[in-house]
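Step one of this worksheet: look at the structure below.
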Amino acid sequence: MKTRSLVALAAEPDAMAGLVQASRPFRWGAASAAYQVEGSTTADNKGRSIWDVYLDDHSLAGPGVSGAVAINFYDRDQYLEDIALFKALGLNSYRFSISWPRILPDGQGPVNPKAIAHYRRFITDLKAAGIEPMLTLYHWDMPAQLAAAGGWSDPKSIDWFQRYAQVVFANFSDLVDTYVLINEPTVERATKQLAEDRLNGVSGDMQIIPDQAHLADALKTFNHILLASAAAKESFSRQGYAGQIGLALPLFPTLTSDDASEADKQAALLADGILNRWFLDAMYHGAYPEDVLELARKLDLDTGIEEGDAARIGAARFDYLGINYYAPLFVRRPAQASTIYAAQMYVPDTSNAAFNGPVRPDQFKALLERIRLDYGNPPVVITENGAGFPDEDQLVDGKVEDLRRCDYLVTHIEAMKSAMADGADVRGYHVWSSHDNLEWLSGYGSRFGMIHVDFDTQKRTPKLSFQVYARMIKGETVDTSACSTGR
Ligand code: IFM
């Protein structure tokens with residue numbers, strides 16, 4: 001059966017398999033992040049994060065929109081009910097993040113024993129249900145003091161993060177063997193830029209591709225994040241812990257329209273260099289991409305990058321590549337642009353666009369093929385894949401028929417399997433997200449979950465996508481006809 005061969009394929013030994021437990025079954029999972037689900041933002045001596053500042057102090061997601069309750073996932077009674085749902089769904093993996101300002105309330109020390117105890121109990125509860133933890137150390141909730149001191153733009157962030165990672169490894173290594181160090185550096189940067197723009201009264205949409213004015217800080221930030229990750233991995237290895245360490249990168253196939261000009265194509269290539277190859281080339285080739293470096297030289301950017309930085313990142317040899325895939329990015333050079341470099345993302349007219357872009361499972365397969373062919377076929381875990389659509393997720397007669405999400409999941413899992421059949425070394429897949437939750441600056445209006453949440457009562461209702469994903473995990477052959485109304 002298809003799914004059995006998928007599992008066998010995923011477990012097949014190869015040159016790098018010593019780094020991943022060859023006997024481990026394929027991870028069928030779902031994902032979430034602390035600030036988006038936990039609530040209880042002042043419980044157990046938690047410190048503040050930049051997101052408490054953005055939403056509670058400045059109402060950047062709208063009046064009254066706050067992470068103070070979210071989906072109440074910090075509450076043990078609540079999360080035990082949720083774990084029971086995960087078990088019913090058939091998950092054997094759950095990716096979640098722990099909150100840096102809970103563990104180290106001021107960002108650097110002292111350690112908060114209540115937070116450690118909370119997460120140890122949560123992980124123990126997950127494992128008791130047969131679900132392996134995939135622990136993310138950082139999913140955007142930078143401690144407020146560190147954010148005020150410059151966050152990832154400050155080279156000291158490398159030491160801040162390394163120290164935090166050491167605390168995490170020391171307190172969880174007996175329970176956890178798979179870590180995601182940092183989630184989506186490029187999207188975090190863009191989201192923070194949007195937040196800062198709103199604070200400064202500048203309107204506009206999120207720009208994932210940094211513009212010329214923000215490029216120096218973007219490249220500096222990405223370099224610090226990669227160095228911080230290398231430093232954490234070095235500590236992990238030095239201390240002799242066993243396990244797998246990676247990052248979750250949001251990778252974006254960059255596309256142009258059929259009638260693209262040379263300038264549009266150049267813009268798309270540079271966007272690919274900045275968003276994708278910047279990370280992949282450093283991690284797998286030990287060098288930053290020459291076209292982006294050349295642009296930085298031409299623009300005389302102060303990136304703070306030093307000789308040997310990319311080599312250190314390559315030498316860290318991360319154990320697996322975490323990929324967050326949602327959609328490709330269409331890129332063009334704006335007609336009016338006067339700067340040397342100008343790359344603008346846009347969403348082409350399509351009836352099939354989700355919140356995060358056009359629905360293109362073919363591009364998911366192409367991305368996995370590219371990783372296999374250009375980067376030596378490293379072990380890959382899909383750390384996020386999923387979708388939300390306007391006007392979906394209506395609760396009617398106790399049911400939520402999220403037909404488009406269901407279709408998205410079926411077609412993307414098929415695309416992944418097809419890439420695996422061609423040899424891509426994919427070891428796991430996590431749907432974003434298990435539940436509807438707090439979508440950052442979009443607040444509670446953009447739902448991504450397989451479990452509907454009534455944000456007033458906290459009532460959970462598994463959606464159609466939950467039922468269909470459960471069937472796929474069981475190994476049933478499912479096609480998109482499962483995603484029709486009234487079954
Ligand atoms: O909700 C986010 C998540 O925090 C990071 N990846 C994309 C998701 C959906 O937009």
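Residues are referred to by chain and number: the chain letter is A, B, ... according to the order shown in the structure tokens, the number counts from 1 in that chain, and ligands are numbered separately from 1 in the order shown.
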
Go through the chains and note each residue within 9 Å of ligand 1, using only C-alpha atoms and all ligand atoms, then give the set as a ChimeraX atom specification.
/A:31-33,35-36,139-140,183-184,187-188,250,324-326,355-356,384-388,432-433,437-440,446-448

* Give me the residues within 12 Å of stretch 163-167 of chain A as a PyMOL selection string, counting only C-alpha atoms and dropping any in the same chain fewer than 2 places off. => chain A and resi 98-113+115-116+135-138+142-143+156-161+169-173+179-182+228-241+245

Have a look at atom CA of A:Asp264 and atom CA of A:Val331 and let me know their distance in Å, one decimal.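 So the two atoms, atom CA of A:Asp264 and atom CA of A:Val331, lie 6.9 Å apart.
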
What lies within 12 Å of A:Leu91 using only C-alpha atoms, ignoring chain neighbours under 4 positions off, as an NGL selection string?
:A and (25-31 or 82-87 or 95 or 126-127 or 129-133 or 428-431 or 434 or 466 or 469-474)

message = Give me the residues near A:Pro358 as a list of chain:residue names, where near means some atom within 10 Å (using only C-alpha atoms) and where sequence neighbours in that chain fewer than 3 positions away do not count.
response =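 Listing them by chain and then by number gives A:Tyr326, A:Ala327, A:Pro328, A:Leu329, A:Phe330, A:Val347, A:Pro348, A:Asp349, A:Thr350, A:Ser351, A:Asn352, A:Ala353, A:Ala354, A:Phe355, A:Pro361.
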
Residues from last step as file, C-alpha atoms, as a short mmCIF file (atom, residue, chain, number, x, y, z; two decimals), in the first residue's frame:
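result.cif written:
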data_model
loop_
_atom_site.label_atom_id
_atom_site.label_comp_id
_atom_site.auth_asym_id
_atom_site.auth_seq_id
_atom_site.Cartn_x
_atom_site.Cartn_y
_atom_site.Cartn_z
CA TYR A 326 2.73 27.01 1.90
CA ALA A 327 2.91 28.58 -1.56
CA PRO A 328 5.27 29.88 -4.22
CA LEU A 329 6.08 33.56 -4.38
CA PHE A 330 5.42 35.45 -7.61
CA VAL A 347 -0.39 37.33 -5.92
CA PRO A 348 -1.50 36.71 -9.52
CA ASP A 349 -5.21 36.73 -10.21
CA THR A 350 -6.30 33.27 -9.25
CA SER A 351 -9.46 31.88 -7.81
CA ASN A 352 -7.35 29.45 -5.87
CA ALA A 353 -5.38 31.55 -3.43
CA ALA A 354 -5.16 30.74 0.24
CA PHE A 355 -4.19 33.28 2.92
CA PRO A 361 1.18 21.40 -4.83
#

Discussion item. Env of A:Leu280: 10 Å cut, atoms = only C-alpha atoms, seq-sep filter 3 positions within chain, self excluded. Answer as a list in words.
Written reply: Leu249, Leu251, Gly273, Leu275, Asn276, Arg277, Met283, Tyr284, His285, Gly286, Ala287, Tyr288, Pro289, Gly314, Leu321, Ile371, Asp374 and Tyr375 of chain A

* Going by DSSP on the backbone, which bits of stretch 330-418 of chain A are strand (DSSP E)? Write them as a ChimeraX atom specification, please. => /A:330-332,344-346,353-354,357-358,380-385,395-396,399-400

Problem set entry | All residues 7 Å or closer to stretch 411-427 of chain A, only C-alpha atoms, same chain fewer than 3 positions away omitted, as number ranges by chain | A: 6, 10, 26-27, 361-362, 364-365, 368-369, 372, 377-381, 407-408

Using the selection just defined, write its residues with C-alpha atoms as a compact mmCIF listing (two decimals), in the first residue's frame.
# COMPACT_ATOMS: atom_id res chain seq x y z
CA LEU A 6 6.23 5.67 2.08
CA ALA A 10 11.49 7.18 4.74
CA PHE A 26 7.59 8.34 9.49
CA ARG A 27 6.46 11.27 11.61
CA PRO A 361 1.18 21.40 -4.83
CA ASP A 362 3.30 21.02 -8.00
CA PHE A 364 5.91 21.63 -3.31
CA LYS A 365 7.10 18.64 -5.30
CA LEU A 368 11.60 18.80 -2.65
CA GLU A 369 13.27 17.77 -5.90
CA ARG A 372 17.41 16.53 -3.34
CA ASN A 377 19.41 14.97 -0.53
CA PRO A 378 19.52 15.77 3.20
CA PRO A 379 16.96 14.25 5.56
CA VAL A 380 13.94 16.55 5.44
CA VAL A 381 11.07 17.00 7.86
CA ASP A 407 -8.23 19.37 -0.71
CA TYR A 408 -5.01 21.28 -0.02

Which residues come within 9 Å of A:Asp205, counting only C-alpha atoms, excluding same-chain residues fewer than 2 positions away, as a PDB file with all heavy atoms, in the first residue's frame?
ATOM      1  N   LEU A 194       6.454  44.691   9.434  1.00  0.00           N
ATOM      2  CA  LEU A 194       5.072  45.174   9.313  1.00  0.00           C
ATOM      3  C   LEU A 194       4.596  45.750  10.645  1.00  0.00           C
ATOM      4  O   LEU A 194       3.953  46.808  10.688  1.00  0.00           O
ATOM      5  CB  LEU A 194       4.169  44.020   8.867  1.00  0.00           C
ATOM      6  CG  LEU A 194       2.709  44.358   8.612  1.00  0.00           C
ATOM      7  CD1 LEU A 194       2.570  45.378   7.485  1.00  0.00           C
ATOM      8  CD2 LEU A 194       1.910  43.092   8.249  1.00  0.00           C
ATOM      9  N   SER A 203       1.248  52.482   6.574  1.00  0.00           N
ATOM     10  CA  SER A 203       0.352  51.386   6.201  1.00  0.00           C
ATOM     11  C   SER A 203       0.975  50.586   5.061  1.00  0.00           C
ATOM     12  O   SER A 203       1.905  51.043   4.403  1.00  0.00           O
ATOM     13  CB  SER A 203      -1.015  51.935   5.790  1.00  0.00           C
ATOM     14  OG  SER A 203      -0.815  52.810   4.722  1.00  0.00           O
ATOM     15  N   GLN A 207       5.738  42.427   3.340  1.00  0.00           N
ATOM     16  CA  GLN A 207       6.662  42.196   2.230  1.00  0.00           C
ATOM     17  C   GLN A 207       7.705  41.189   2.671  1.00  0.00           C
ATOM     18  O   GLN A 207       8.626  41.523   3.410  1.00  0.00           O
ATOM     19  CB  GLN A 207       7.328  43.518   1.811  1.00  0.00           C
ATOM     20  CG  GLN A 207       6.384  44.484   1.116  1.00  0.00           C
ATOM     21  CD  GLN A 207       5.750  43.920  -0.145  1.00  0.00           C
ATOM     22  OE1 GLN A 207       6.356  43.108  -0.862  1.00  0.00           O
ATOM     23  NE2 GLN A 207       4.514  44.311  -0.427  1.00  0.00           N
TER      24      GLN A 207
END

As a ChimeraX atom specification, which residues of stretch 183-389 of chain A does DSSP assign to alpha helix (DSSP H)?
-> /A:185-199,212-238,262-272,278-285,290-298,309-315,361-374

Expressed in Å, the length from atom CA of A:Arg405 to atom CA of A:Arg360 is 12.8 Å

Computed gap from atom CA of A:Asp141 to atom CA of A:Ala117 is 19.6 Å
